[in-house]
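Shown next: model_19.json, containing JSON, C-alpha atoms.
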[["chain", "number", "residue", "atom", "x", "y", "z"],
["A", 2, "MET", "CA", 145.06, 95.83, 128.95],
["A", 3, "ALA", "CA", 147.55, 97.94, 127.02],
["A", 4, "PHE", "CA", 148.40, 101.54, 127.69],
["A", 5, "ASP", "CA", 150.34, 102.32, 124.53],
["A", 6, "LYS", "CA", 148.56, 105.36, 123.02],
["A", 7, "VAL", "CA", 148.44, 108.95, 124.09],
["A", 8, "VAL", "CA", 145.25, 110.88, 123.33],
["A", 9, "ASP", "CA", 144.00, 114.41, 123.80],
["A", 10, "SER", "CA", 141.35, 113.77, 126.45],
["A", 11, "THR", "CA", 139.48, 116.98, 125.61],
["A", 12, "ALA", "CA", 139.27, 116.03, 121.93],
["A", 13, "LEU", "CA", 138.26, 112.46, 122.86],
["A", 14, "ASP", "CA", 135.52, 113.69, 125.19],
["A", 15, "THR", "CA", 134.27, 116.09, 122.49],
["A", 16, "ALA", "CA", 134.18, 113.26, 119.91],
["A", 17, "LEU", "CA", 132.37, 110.89, 122.28],
["A", 18, "THR", "CA", 129.82, 113.57, 123.17],
["A", 19, "ALA", "CA", 129.25, 114.33, 119.48],
["A", 20, "THR", "CA", 128.71, 110.61, 118.81],
["A", 21, "ALA", "CA", 126.28, 110.31, 121.72],
["A", 22, "ASP", "CA", 124.41, 113.42, 120.56],
["A", 23, "ALA", "CA", 124.05, 111.93, 117.08],
["A", 24, "ILE", "CA", 122.65, 108.72, 118.57],
["A", 25, "ARG", "CA", 120.21, 110.70, 120.74],
["A", 26, "GLU", "CA", 119.05, 112.66, 117.70],
["A", 27, "LYS", "CA", 118.39, 109.46, 115.76],
["A", 28, "THR", "CA", 116.51, 107.83, 118.64],
["A", 29, "GLY", "CA", 114.67, 110.98, 119.67],
["A", 30, "THR", "CA", 115.73, 110.82, 123.32],
["A", 31, "ALA", "CA", 117.73, 112.99, 125.68],
["A", 32, "ASP", "CA", 118.78, 110.10, 127.93],
["A", 33, "PRO", "CA", 122.47, 109.60, 128.81],
["A", 34, "ILE", "CA", 124.23, 106.91, 126.77],
["A", 35, "THR", "CA", 126.72, 104.69, 128.54],
["A", 36, "TRP", "CA", 130.14, 104.09, 127.00],
["A", 37, "LEU", "CA", 130.85, 100.43, 127.62],
["A", 38, "GLU", "CA", 134.51, 99.52, 128.14],
["A", 39, "GLU", "CA", 134.46, 96.63, 125.68],
["A", 40, "LEU", "CA", 131.59, 97.68, 123.38],
["A", 41, "GLY", "CA", 131.76, 101.46, 123.27],
["A", 42, "PHE", "CA", 128.46, 102.86, 121.88],
["A", 43, "SER", "CA", 127.79, 99.76, 119.73],
["A", 44, "GLU", "CA", 124.75, 98.64, 121.74],
["A", 45, "ALA", "CA", 123.10, 102.05, 121.45],
["A", 46, "ILE", "CA", 123.79, 102.18, 117.71],
["A", 47, "ALA", "CA", 122.42, 98.65, 117.21],
["A", 48, "GLY", "CA", 119.12, 99.86, 118.65],
["A", 49, "ILE", "CA", 118.60, 102.42, 115.87],
["A", 50, "SER", "CA", 116.13, 101.30, 113.17],
["A", 51, "ALA", "CA", 117.62, 101.07, 109.69],
["A", 52, "GLY", "CA", 116.22, 102.84, 106.67],
["A", 53, "GLY", "CA", 114.27, 105.46, 108.56],
["A", 54, "GLY", "CA", 111.56, 102.90, 109.39],
["A", 55, "VAL", "CA", 109.80, 103.13, 106.02],
["A", 56, "LYS", "CA", 108.10, 99.87, 104.99],
["A", 57, "ILE", "CA", 106.81, 99.17, 101.51],
["A", 58, "ALA", "CA", 104.84, 96.18, 100.24],
["A", 59, "THR", "CA", 103.68, 95.61, 96.70],
["A", 60, "GLY", "CA", 101.62, 92.89, 95.09],
["A", 61, "THR", "CA", 98.71, 91.96, 92.88],
["A", 62, "TYR", "CA", 95.41, 90.16, 93.16],
["A", 63, "THR", "CA", 92.93, 88.75, 90.69],
["A", 64, "VAL", "CA", 89.59, 87.43, 91.87],
["A", 65, "ALA", "CA", 88.24, 84.24, 90.31],
["A", 66, "SER", "CA", 84.66, 85.50, 90.23],
["A", 67, "ASN", "CA", 83.24, 88.93, 91.00],
["A", 68, "GLN", "CA", 83.73, 89.54, 94.72],
["A", 69, "ASN", "CA", 82.25, 91.89, 97.28],
["A", 70, "ASP", "CA", 85.18, 91.35, 99.63],
["A", 71, "VAL", "CA", 88.89, 91.60, 98.90],
["A", 72, "ILE", "CA", 91.62, 91.15, 101.52],
["A", 73, "ILE", "CA", 95.26, 92.15, 101.10],
["A", 74, "GLU", "CA", 97.66, 90.70, 103.67],
["A", 75, "HIS", "CA", 100.83, 92.42, 104.85],
["A", 76, "ASP", "CA", 103.50, 91.88, 107.50],
["A", 77, "PHE", "CA", 104.04, 95.45, 108.71],
["A", 78, "GLY", "CA", 102.76, 94.63, 112.18],
["A", 79, "GLU", "CA", 101.17, 98.09, 112.19],
["A", 80, "ILE", "CA", 98.60, 99.95, 110.15],
["A", 81, "PRO", "CA", 99.88, 101.27, 106.80],
["A", 82, "ASP", "CA", 99.89, 105.01, 106.27],
["A", 83, "VAL", "CA", 99.20, 104.82, 102.57],
["A", 84, "VAL", "CA", 97.42, 102.25, 100.44],
["A", 85, "LEU", "CA", 97.12, 102.52, 96.71],
["A", 86, "THR", "CA", 95.35, 99.96, 94.58],
["A", 87, "TRP", "CA", 94.16, 100.07, 91.03],
["A", 88, "ALA", "CA", 93.10, 97.88, 88.16],
["A", 89, "ASP", "CA", 95.34, 97.49, 85.15],
["A", 90, "GLN", "CA", 92.47, 98.13, 82.82],
["A", 91, "LYS", "CA", 88.91, 99.42, 82.88],
["A", 92, "SER", "CA", 86.23, 96.85, 83.44],
["A", 93, "SER", "CA", 83.78, 96.39, 80.59],
["A", 94, "THR", "CA", 81.01, 95.56, 83.02],
["A", 95, "GLN", "CA", 81.54, 97.49, 86.25],
["A", 96, "SER", "CA", 81.02, 101.20, 86.72],
["A", 97, "GLY", "CA", 81.92, 101.36, 90.42],
["A", 98, "TYR", "CA", 85.19, 102.04, 92.14],
["A", 99, "MET", "CA", 86.49, 98.50, 91.78],
["A", 100, "GLY", "CA", 85.68, 98.55, 88.09],
["A", 101, "TYR", "CA", 88.37, 101.08, 87.34],
["A", 102, "MET", "CA", 89.86, 102.66, 90.35],
["A", 103, "LEU", "CA", 92.69, 104.53, 91.91],
["A", 104, "LEU", "CA", 92.32, 104.71, 95.66],
["A", 105, "GLY", "CA", 94.63, 106.40, 98.12],
["A", 106, "VAL", "CA", 94.44, 105.93, 101.82],
["A", 107, "VAL", "CA", 95.32, 108.79, 104.07],
["A", 108, "THR", "CA", 96.41, 108.73, 107.69],
["A", 109, "PRO", "CA", 94.02, 108.67, 110.65],
["A", 110, "LEU", "CA", 91.73, 111.60, 111.27],
["A", 111, "ASP", "CA", 90.22, 111.59, 114.75],
["A", 112, "GLY", "CA", 89.90, 107.83, 114.85],
["A", 113, "LEU", "CA", 88.72, 107.53, 111.28],
["A", 114, "TYR", "CA", 90.64, 106.58, 108.19],
["A", 115, "ALA", "CA", 89.93, 108.56, 105.09],
["A", 116, "TRP", "CA", 89.98, 107.21, 101.59],
["A", 117, "LYS", "CA", 90.39, 109.49, 98.65],
["A", 118, "CYS", "CA", 88.60, 107.75, 95.82],
["A", 119, "VAL", "CA", 89.63, 109.04, 92.44],
["A", 120, "TYR", "CA", 87.72, 107.84, 89.43],
["A", 121, "THR", "CA", 89.02, 107.80, 85.93],
["A", 122, "SER", "CA", 86.20, 110.16, 84.99],
["A", 123, "GLY", "CA", 88.04, 112.80, 87.01],
["A", 124, "SER", "CA", 85.56, 112.95, 89.85],
["A", 125, "SER", "CA", 86.61, 112.11, 93.36],
["A", 126, "LYS", "CA", 85.18, 111.61, 96.80],
["A", 127, "ILE", "CA", 86.49, 111.16, 100.31],
["A", 128, "VAL", "CA", 84.95, 108.36, 102.33],
["A", 129, "TYR", "CA", 85.66, 107.27, 105.89],
["A", 130, "SER", "CA", 85.95, 104.05, 107.78],
["A", 131, "ASN", "CA", 86.05, 103.27, 111.45],
["A", 132, "SER", "CA", 89.69, 102.54, 112.26],
["A", 133, "ASP", "CA", 89.16, 100.32, 115.28],
["A", 134, "LYS", "CA", 87.39, 97.60, 113.33],
["A", 135, "GLU", "CA", 89.14, 94.59, 111.89],
["A", 136, "PRO", "CA", 88.69, 93.90, 108.18],
["A", 137, "GLY", "CA", 85.52, 91.96, 107.60],
["A", 138, "VAL", "CA", 83.72, 93.37, 110.61],
["A", 139, "TYR", "CA", 82.75, 96.83, 109.52],
["A", 140, "LYS", "CA", 80.90, 96.99, 106.23],
["A", 141, "SER", "CA", 82.35, 99.96, 104.52],
["A", 142, "PHE", "CA", 84.58, 100.57, 101.57],
["A", 143, "PHE", "CA", 87.78, 99.68, 103.33],
["A", 144, "SER", "CA", 89.26, 98.74, 106.64],
["A", 145, "VAL", "CA", 92.84, 98.39, 107.81],
["A", 146, "SER", "CA", 94.67, 96.50, 110.53],
["A", 147, "ASP", "CA", 98.28, 95.67, 111.33],
["A", 148, "THR", "CA", 98.10, 92.57, 109.12],
["A", 149, "GLN", "CA", 95.40, 93.23, 106.51],
["A", 150, "VAL", "CA", 93.73, 95.77, 104.28],
["A", 151, "GLY", "CA", 90.19, 95.00, 103.17],
["A", 152, "PHE", "CA", 87.85, 96.42, 100.56],
["A", 153, "TRP", "CA", 84.11, 95.91, 100.48],
["A", 154, "SER", "CA", 81.33, 96.61, 98.08],
["A", 155, "ASN", "CA", 77.62, 96.77, 98.74],
["A", 156, "SER", "CA", 76.51, 96.80, 95.13],
["A", 157, "ALA", "CA", 77.02, 94.81, 91.99],
["A", 158, "SER", "CA", 78.46, 97.82, 90.21],
["A", 159, "SER", "CA", 81.28, 98.14, 92.74],
["A", 160, "GLN", "CA", 82.49, 94.57, 93.01],
["A", 161, "ALA", "CA", 86.05, 93.49, 92.34],
["A", 162, "VAL", "CA", 85.92, 92.19, 88.79],
["A", 163, "ALA", "CA", 86.89, 88.63, 87.88],
["A", 164, "GLY", "CA", 89.96, 88.41, 85.67],
["A", 165, "LEU", "CA", 91.18, 91.98, 86.18],
["A", 166, "LEU", "CA", 94.70, 92.38, 87.51],
["A", 167, "TYR", "CA", 94.65, 94.70, 90.51],
["A", 168, "ARG", "CA", 97.92, 96.09, 91.82],
["A", 169, "TYR", "CA", 98.61, 97.55, 95.23],
["A", 170, "ILE", "CA", 101.26, 99.46, 97.14],
["A", 171, "LEU", "CA", 101.26, 99.71, 100.93],
["A", 172, "ILE", "CA", 103.56, 102.14, 102.71],
["A", 173, "LYS", "CA", 104.26, 102.68, 106.40],
["A", 174, "GLY", "CA", 106.44, 105.50, 107.68],
["A", 175, "VAL", "CA", 105.26, 108.37, 105.50],
["A", 176, "SER", "CA", 102.32, 110.72, 105.65],
["A", 177, "LEU", "CA", 100.54, 112.47, 102.83],
["A", 178, "LEU", "CA", 98.76, 114.88, 105.15],
["B", 4, "MET", "CA", 108.32, 86.83, 93.71],
["B", 5, "ARG", "CA", 105.79, 84.87, 95.76],
["B", 6, "TYR", "CA", 102.68, 83.65, 93.94],
["B", 7, "TYR", "CA", 99.61, 82.53, 95.86],
["B", 8, "ALA", "CA", 96.16, 81.06, 95.42],
["B", 9, "GLN", "CA", 93.35, 81.63, 97.89],
["B", 10, "TYR", "CA", 90.71, 78.96, 98.33],
["B", 11, "GLU", "CA", 87.50, 78.86, 100.35],
["B", 12, "ASN", "CA", 85.68, 75.52, 100.73],
["B", 13, "ASN", "CA", 87.87, 74.13, 97.93],
["B", 14, "THR", "CA", 86.71, 76.92, 95.62],
["B", 15, "LEU", "CA", 89.29, 79.26, 94.11],
["B", 16, "ILE", "CA", 88.64, 82.79, 95.36],
["B", 17, "ALA", "CA", 91.66, 84.71, 94.11],
["B", 18, "ILE", "CA", 95.26, 84.51, 92.98],
["B", 19, "GLY", "CA", 97.98, 87.07, 93.35],
["B", 20, "THR", "CA", 101.52, 88.01, 94.24],
["B", 21, "GLY", "CA", 102.65, 88.96, 97.71],
["B", 22, "LEU", "CA", 101.47, 87.63, 101.05],
["B", 23, "GLY", "CA", 98.34, 85.57, 101.58],
["B", 24, "GLY", "CA", 96.76, 82.30, 100.52],
["B", 25, "THR", "CA", 98.76, 79.20, 99.65],
["B", 26, "GLU", "CA", 102.02, 79.58, 97.79],
["B", 27, "ILE", "CA", 101.98, 78.27, 94.22],
["B", 28, "THR", "CA", 104.50, 78.26, 91.38],
["B", 29, "GLU", "CA", 104.63, 80.88, 88.63],
["B", 30, "SER", "CA", 103.49, 78.23, 86.15],
["B", 31, "GLU", "CA", 100.49, 77.34, 88.32],
["B", 32, "TYR", "CA", 99.70, 81.05, 88.66],
["B", 33, "ASP", "CA", 99.79, 81.54, 84.89],
["B", 34, "THR", "CA", 97.50, 78.54, 84.35],
["B", 35, "LEU", "CA", 94.98, 79.75, 86.94],
["B", 36, "LEU", "CA", 95.07, 83.32, 85.56],
["B", 37, "ALA", "CA", 94.32, 82.07, 82.06],
["B", 38, "GLU", "CA", 91.40, 79.97, 83.35],
["B", 39, "ILE", "CA", 90.00, 82.84, 85.42],
["B", 40, "ARG", "CA", 90.10, 85.17, 82.43],
["B", 41, "GLU", "CA", 88.55, 82.64, 80.08],
["B", 42, "LYS", "CA", 85.70, 82.00, 82.50],
["B", 43, "ALA", "CA", 85.21, 85.75, 83.06],
["B", 44, "TRP", "CA", 84.96, 86.24, 79.30],
["B", 45, "LEU", "CA", 82.44, 83.39, 79.01],
["B", 46, "VAL", "CA", 80.31, 84.90, 81.82],
["B", 47, "ASP", "CA", 80.35, 88.30, 80.10],
["B", 48, "ALA", "CA", 79.56, 86.80, 76.72],
["B", 49, "LEU", "CA", 76.73, 84.64, 77.99],
["B", 50, "TYR", "CA", 75.30, 87.51, 80.03],
["B", 51, "ASN", "CA", 75.41, 89.74, 76.96],
["B", 52, "ASP", "CA", 73.77, 87.05, 74.78],
["B", 53, "GLU", "CA", 76.85, 86.89, 72.56],
["B", 54, "ILE", "CA", 77.08, 83.12, 73.06],
["B", 55, "THR", "CA", 74.83, 80.32, 74.27],
["B", 56, "LEU", "CA", 75.53, 77.78, 76.99],
["B", 57, "GLU", "CA", 76.38, 75.24, 74.30],
["B", 58, "ASN", "CA", 79.46, 77.33, 73.49],
["B", 59, "VAL", "CA", 80.77, 76.80, 77.02],
["B", 60, "PRO", "CA", 82.95, 73.73, 77.74],
["B", 61, "PRO", "CA", 80.68, 71.11, 79.39],
["B", 62, "GLU", "CA", 82.76, 70.93, 82.56],
["B", 63, "TRP", "CA", 82.31, 74.68, 83.09],
["B", 64, "GLN", "CA", 78.67, 75.07, 82.07],
["B", 65, "GLU", "CA", 77.20, 74.75, 85.56],
["B", 66, "GLU", "CA", 79.61, 77.32, 87.03],
["B", 67, "ILE", "CA", 79.25, 79.79, 84.17],
["B", 68, "GLN", "CA", 75.45, 79.58, 84.21],
["B", 69, "ARG", "CA", 75.42, 80.04, 87.99],
["B", 70, "ARG", "CA", 77.63, 83.13, 87.74],
["B", 71, "VAL", "CA", 75.46, 84.61, 85.01],
["B", 72, "ASN", "CA", 72.36, 83.97, 87.15],
["B", 73, "GLU", "CA", 74.08, 85.65, 90.11],
["B", 74, "ARG", "CA", 74.90, 88.66, 87.98],
["B", 75, "ILE", "CA", 71.33, 88.92, 86.71],
["B", 76, "GLU", "CA", 70.10, 88.70, 90.28],
["B", 77, "MET", "CA", 72.45, 91.49, 91.40],
["B", 78, "MET", "CA", 72.46, 93.72, 88.35],
["B", 79, "GLY", "CA", 69.28, 92.84, 86.50],
["B", 80, "THR", "CA", 69.33, 92.16, 82.84],
["B", 81, "LEU", "CA", 71.65, 94.02, 80.51],
["B", 82, "GLU", "CA", 68.90, 96.53, 79.72],
["B", 83, "GLU", "CA", 68.36, 97.31, 83.39],
["B", 84, "GLN", "CA", 71.93, 97.80, 84.55],
["B", 85, "GLU", "CA", 72.78, 101.34, 83.43],
["B", 86, "ILE", "CA", 73.25, 103.67, 86.40],
["B", 87, "SER", "CA", 73.98, 107.36, 86.48],
["B", 88, "SER", "CA", 76.85, 108.90, 88.42],
["B", 89, "ASP", "CA", 74.27, 110.40, 90.80],
["B", 90, "GLU", "CA", 72.91, 106.95, 91.48],
["B", 91, "PHE", "CA", 76.41, 105.65, 92.10],
["B", 92, "TYR", "CA", 77.19, 108.42, 94.58],
["B", 93, "SER", "CA", 73.90, 107.70, 96.27],
["B", 94, "MET", "CA", 75.02, 104.10, 96.69],
["B", 95, "LEU", "CA", 78.29, 105.32, 98.14],
["B", 96, "GLU", "CA", 76.43, 107.45, 100.67],
["B", 97, "GLY", "CA", 74.27, 104.52, 101.63],
["B", 98, "VAL", "CA", 77.04, 102.64, 103.37],
["B", 99, "LEU", "CA", 78.75, 105.54, 105.11]]

Target format structure tokens, applied to this file:
Amino acid sequence: MAFDKVVDSTALDTALTATADAIREKTGTADPITWLEELGFSEAIAGISAGGGVKIATGTYTVASNQNDVIIEHDFGEIPDVVLTWADQKSSTQSGYMGYMLLGVVTPLDGLYAWKCVYTSGSSKIVYSNSDKEPGVYKSFFSVSDTQVGFWSNSASSQAVAGLLYRYILIKGVSLL
Amino acid sequence: MRYYAQYENNTLIAIGTGLGGTEITESEYDTLLAEIREKAWLVDALYNDEITLENVPPEWQEEIQRRVNERIEMMGTLEEQEISSDEFYSMLEGVL
């Protein structure tokens, strides 16, 4: 141990308190933070999530034949806040939402998840799905879990169309509400 | 970029990019995409009476005919399939 520097203890205490306050603000706590002799505040700083916690996943899917069910997998480990998926072009055969669609998921509302379905005709509709059901269990237009997003159709006019390129964006950590 | 193919009972269900399915190469993805689109066009054309089954490659005829039959079963014939927006919204309501 070397004692070879002279510091202003008041200024040092002020700086350490300011650093601890900044860490508490980032972590959303008011708990005391321990200054470790060898590590300083490094352990507390290492516990702060990088990038504000926003997760984004993008991808595409193309079904081989018209499908009632479509599953998108993700590795968020939690339910996405926003899901957007759309077809690159209008289907020549399908008039339903999977024929030419732009869908936006919104965050939970009293245990339900709301979809805003926007059609290229300009009309739109909000539909709901039970949030505590895994994809594939609840027959509705969509379902979400911490690993998957699923879409379902109950009619031929709403199936995912073979050969169309569908794109999707999943986001966690933001809210549109 | 990760490319994948999704199979069910040895039948190709979907291809895509991102997570899911079995990872394939970009070249394999391109080949499968071209085949999917060609078959989709053949199904549309046969359903719309623009071609006959003889125009379909022999190795695909059974699959294409089956998919056309499935579409007729679900959607009716071409003349029967028109639906209004009111009918579509009614279908939406039916599952909510």

Point to revise | Separation of atom CA of A:Asp32 from atom CA of A:Thr18, in Å and rounded to one decimal | key: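 Between atom CA of A:Asp32 and atom CA of A:Thr18 the gap works out to 12.5 Å.
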
Check your understanding: Could you write out as JSON, numbers by chain the residues of chain B within 8 Å of chain A, counting all atoms listed in the file?
Key -> {"B": [15, 16, 17, 18, 19, 20, 21, 22, 23, 36, 39, 40, 43, 47, 70, 74, 77, 78, 91, 94, 98, 99]}

Selected residues written out with C-alpha atoms, as a JSON list (two decimals), in the frame of the given file:
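The result, stored in out_25.json:
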[["chain", "number", "residue", "atom", "x", "y", "z"],
["B", 15, "LEU", "CA", 89.29, 79.26, 94.11],
["B", 16, "ILE", "CA", 88.64, 82.79, 95.36],
["B", 17, "ALA", "CA", 91.66, 84.71, 94.11],
["B", 18, "ILE", "CA", 95.26, 84.51, 92.98],
["B", 19, "GLY", "CA", 97.98, 87.07, 93.35],
["B", 20, "THR", "CA", 101.52, 88.01, 94.24],
["B", 21, "GLY", "CA", 102.65, 88.96, 97.71],
["B", 22, "LEU", "CA", 101.47, 87.63, 101.05],
["B", 23, "GLY", "CA", 98.34, 85.57, 101.58],
["B", 36, "LEU", "CA", 95.07, 83.32, 85.56],
["B", 39, "ILE", "CA", 90.00, 82.84, 85.42],
["B", 40, "ARG", "CA", 90.10, 85.17, 82.43],
["B", 43, "ALA", "CA", 85.21, 85.75, 83.06],
["B", 47, "ASP", "CA", 80.35, 88.30, 80.10],
["B", 70, "ARG", "CA", 77.63, 83.13, 87.74],
["B", 74, "ARG", "CA", 74.90, 88.66, 87.98],
["B", 77, "MET", "CA", 72.45, 91.49, 91.40],
["B", 78, "MET", "CA", 72.46, 93.72, 88.35],
["B", 91, "PHE", "CA", 76.41, 105.65, 92.10],
["B", 94, "MET", "CA", 75.02, 104.10, 96.69],
["B", 98, "VAL", "CA", 77.04, 102.64, 103.37],
["B", 99, "LEU", "CA", 78.75, 105.54, 105.11]]

Point to revise | Point-to-point distance from atom CA of B:Glu53 to atom CA of B:Glu41, Å rounded to tenths | key: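 Calculated distance between atom CA of B:Glu53 and atom CA of B:Glu41 is 14.5 Å.
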
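Here atom CA of A:Arg25 stands at a distance of 18.3 Å from atom CA of A:Leu13.
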
Review point. Looking at only C-alpha atoms, which of A:Ala47, A:Ala16, A:Val175, A:Ala21 is the one that sits closest to A:Ile34?
Key: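 The answer is A:Ala21, which sits nearest to A:Ile34.
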
Check your understanding: Can you list, as JSON, numbers by chain, every protein, DNA or RNA residue that comes within 12 Å of A:Glu79 when you count only C-alpha atoms, leaving out same-chain residues fewer than 2 positions away?
Key -> {"A": [54, 55, 56, 74, 75, 76, 77, 81, 82, 83, 145, 146, 147, 148, 149, 150, 171, 172, 173, 174]}

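The nearest approach to B:Tyr7 among the residues B:Val59, B:Ile67, B:Leu35, B:Ile27, with all atoms listed in the file taken into account, belongs to B:Ile27.
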
If I only want stretch 3-15 of chain A, can you write it with C-alpha atoms, as a compact mmCIF listing (two decimals), in the first residue's frame?
# COMPACT_ATOMS: atom_id res chain seq x y z
CA ALA A 3 1.38 3.40 -0.96
CA PHE A 4 0.52 6.69 0.66
CA ASP A 5 2.05 9.05 -1.89
CA LYS A 6 -0.83 11.36 -2.92
CA VAL A 7 -2.57 14.13 -1.07
CA VAL A 8 -6.25 14.68 -1.86
CA ASP A 9 -8.96 17.09 -0.78
CA SER A 10 -11.15 14.70 1.19
CA THR A 11 -14.21 16.94 0.82
CA ALA A 12 -13.82 17.05 -2.96
CA LEU A 13 -13.19 13.29 -3.05
CA ASP A 14 -16.29 12.57 -0.97
CA THR A 15 -18.35 14.87 -3.20
